[in-house]
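These notes are about the structure you will find just below.
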Amino acid sequence: SFAIPRCMTPATPTEITNLLGDVDPMVVEQILELGATTDEIAQAIACVEADRAGEIRIPMTTRVAAIYAIIEDAFDELVQDDQAYPAVG
């Protein structure tokens, strides 16, 4: 049987929470609805962090841009709560 490579499999709620930390369950749900992979979520996090640091970021795919839009708001809330995303990679 053919196995789908892990990088192409949609992330689970646990994997999303591991990447994003303690975020609103609606954030997790919105990302689940996109069918995003852990790699795509990690790319979106890296783009948010690059933007916050004033660094140049790599272009995003449509799905990564959608994740970016979702987590950018969550990032603002985490920063207000004096938290930050865990390191990715």
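In the structure tokens, chains take the letters A, B, ... in the order shown, each chain's residues start at 1, and ligands count up from 1 in the order shown.
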Could you give me, as a tab-separated table (two decimals) with N, CA, C and O atoms, in the first residue's frame, the residues within 8 Å of segment 15-17 of chain A, counting only C-alpha atoms and dropping anything in the same chain fewer than 6 positions from it?
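What landed in selection_5.tsv:
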chain	number	residue	atom	x	y	z
A	23	VAL	N	-3.26	28.29	22.46
A	23	VAL	CA	-4.08	29.23	21.69
A	23	VAL	C	-5.55	28.87	21.83
A	23	VAL	O	-5.91	27.79	22.26
A	28	VAL	N	-7.22	26.60	16.46
A	28	VAL	CA	-6.92	25.21	16.09
A	28	VAL	C	-7.96	24.72	15.08
A	28	VAL	O	-7.61	24.11	14.05
A	31	ILE	N	-7.46	26.18	11.57
A	31	ILE	CA	-6.31	25.57	10.89
A	31	ILE	C	-6.66	24.16	10.45
A	31	ILE	O	-6.30	23.73	9.35
A	38	THR	N	1.97	20.24	9.20
A	38	THR	CA	2.83	20.85	10.23
A	38	THR	C	3.88	21.74	9.58
A	38	THR	O	4.23	22.79	10.12
A	41	ILE	N	2.26	25.08	8.79
A	41	ILE	CA	2.05	25.86	10.02
A	41	ILE	C	3.38	26.45	10.48
A	41	ILE	O	3.47	27.62	10.84
Subject >> segment 52-58 of chain A environment, 12 Å, only C-alpha atoms, sequence neighbours closer than 2 positions dropped, as a list in words >> reply: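 With the cut-off at 12 Å, the set is Gln43, Ala44, Ile45, Ala46, Cys47, Val48, Glu49, Ala50, Met60, Thr61, Val64, Ala65, Glu72, Phe75, Asp76, Val79 and Ala84 of chain A.
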With N, CA and C atoms kept, could you save the residues just selected as a PDB file, in the first residue's frame?
ATOM      1  N   GLN A  43       5.935  27.190   8.627  1.00  0.00           N
ATOM      2  CA  GLN A  43       6.289  28.271   7.704  1.00  0.00           C
ATOM      3  C   GLN A  43       5.537  29.547   8.051  1.00  0.00           C
ATOM      4  N   ALA A  44       4.251  29.416   8.370  1.00  0.00           N
ATOM      5  CA  ALA A  44       3.450  30.583   8.725  1.00  0.00           C
ATOM      6  C   ALA A  44       3.964  31.225  10.014  1.00  0.00           C
ATOM      7  N   ILE A  45       4.327  30.398  10.996  1.00  0.00           N
ATOM      8  CA  ILE A  45       4.894  30.917  12.247  1.00  0.00           C
ATOM      9  C   ILE A  45       6.188  31.671  11.958  1.00  0.00           C
ATOM     10  N   ALA A  46       7.040  31.089  11.119  1.00  0.00           N
ATOM     11  CA  ALA A  46       8.302  31.740  10.769  1.00  0.00           C
ATOM     12  C   ALA A  46       8.054  33.090  10.095  1.00  0.00           C
ATOM     13  N   CYS A  47       7.022  33.167   9.261  1.00  0.00           N
ATOM     14  CA  CYS A  47       6.697  34.431   8.595  1.00  0.00           C
ATOM     15  C   CYS A  47       6.199  35.474   9.586  1.00  0.00           C
ATOM     16  N   VAL A  48       5.359  35.064  10.529  1.00  0.00           N
ATOM     17  CA  VAL A  48       4.889  35.990  11.567  1.00  0.00           C
ATOM     18  C   VAL A  48       6.083  36.503  12.369  1.00  0.00           C
ATOM     19  N   GLU A  49       6.960  35.586  12.772  1.00  0.00           N
ATOM     20  CA  GLU A  49       8.129  35.984  13.563  1.00  0.00           C
ATOM     21  C   GLU A  49       9.052  36.896  12.765  1.00  0.00           C
ATOM     22  N   ALA A  50       9.236  36.620  11.480  1.00  0.00           N
ATOM     23  CA  ALA A  50      10.083  37.467  10.632  1.00  0.00           C
ATOM     24  C   ALA A  50       9.482  38.867  10.515  1.00  0.00           C
ATOM     25  N   MET A  60       4.846  33.267   0.580  1.00  0.00           N
ATOM     26  CA  MET A  60       3.984  32.232   1.140  1.00  0.00           C
ATOM     27  C   MET A  60       3.074  31.642   0.071  1.00  0.00           C
ATOM     28  N   THR A  61       2.764  30.357   0.227  1.00  0.00           N
ATOM     29  CA  THR A  61       1.738  29.742  -0.603  1.00  0.00           C
ATOM     30  C   THR A  61       0.382  30.269  -0.126  1.00  0.00           C
ATOM     31  N   VAL A  64      -0.402  28.751   3.318  1.00  0.00           N
ATOM     32  CA  VAL A  64       0.437  29.328   4.371  1.00  0.00           C
ATOM     33  C   VAL A  64      -0.025  30.746   4.680  1.00  0.00           C
ATOM     34  N   ALA A  65      -0.408  31.508   3.650  1.00  0.00           N
ATOM     35  CA  ALA A  65      -0.918  32.866   3.877  1.00  0.00           C
ATOM     36  C   ALA A  65      -2.208  32.840   4.692  1.00  0.00           C
ATOM     37  N   GLU A  72      -1.633  35.216  13.099  1.00  0.00           N
ATOM     38  CA  GLU A  72      -1.144  36.561  13.413  1.00  0.00           C
ATOM     39  C   GLU A  72      -1.955  37.171  14.543  1.00  0.00           C
ATOM     40  N   PHE A  75      -1.087  35.360  17.705  1.00  0.00           N
ATOM     41  CA  PHE A  75       0.224  35.811  18.174  1.00  0.00           C
ATOM     42  C   PHE A  75       0.074  37.094  18.982  1.00  0.00           C
ATOM     43  N   ASP A  76      -0.747  38.036  18.491  1.00  0.00           N
ATOM     44  CA  ASP A  76      -0.984  39.283  19.221  1.00  0.00           C
ATOM     45  C   ASP A  76      -1.544  39.007  20.609  1.00  0.00           C
ATOM     46  N   VAL A  79       1.233  37.504  22.863  1.00  0.00           N
ATOM     47  CA  VAL A  79       2.182  38.531  23.289  1.00  0.00           C
ATOM     48  C   VAL A  79       1.570  39.370  24.404  1.00  0.00           C
ATOM     49  N   ALA A  84       5.000  33.540  24.144  1.00  0.00           N
ATOM     50  CA  ALA A  84       5.483  33.569  22.766  1.00  0.00           C
ATOM     51  C   ALA A  84       5.380  32.170  22.194  1.00  0.00           C
TER      52      ALA A  84
END
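Distances to Pro10 of chain A were evaluated for A:Leu32, A:Pro25, A:Ala42, A:Thr37 using only C-alpha atoms, and the minimum falls at A:Thr37.
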**OP:** In Å, rounded to a single decimal, give me how far atom CA of Pro59 of chain A is from atom CA of Asp24 of chain A.
**Re:** 26.6 Å
Original post:
Pick from A:Met8, A:Ala74, A:Thr14, A:Asp51: nearest to Ala36 of chain A, with only C-alpha atoms counted?
Top reply: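 Nearest to Ala36 of chain A: A:Met8.
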Original post:
At what distance in Å, to one decimal, does atom CA of Tyr68 of chain A lie from atom CA of Glu33 of chain A?
Top reply: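 Rounded to one decimal, the two atoms are 14.1 Å apart.
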Subject >> Between atom CA of Thr62 of chain A and atom CA of Pro13 of chain A, distance in Å (one decimal) >> reply: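 Atom CA of Pro13 of chain A lies at a distance of 20.9 Å from atom CA of Thr62 of chain A.
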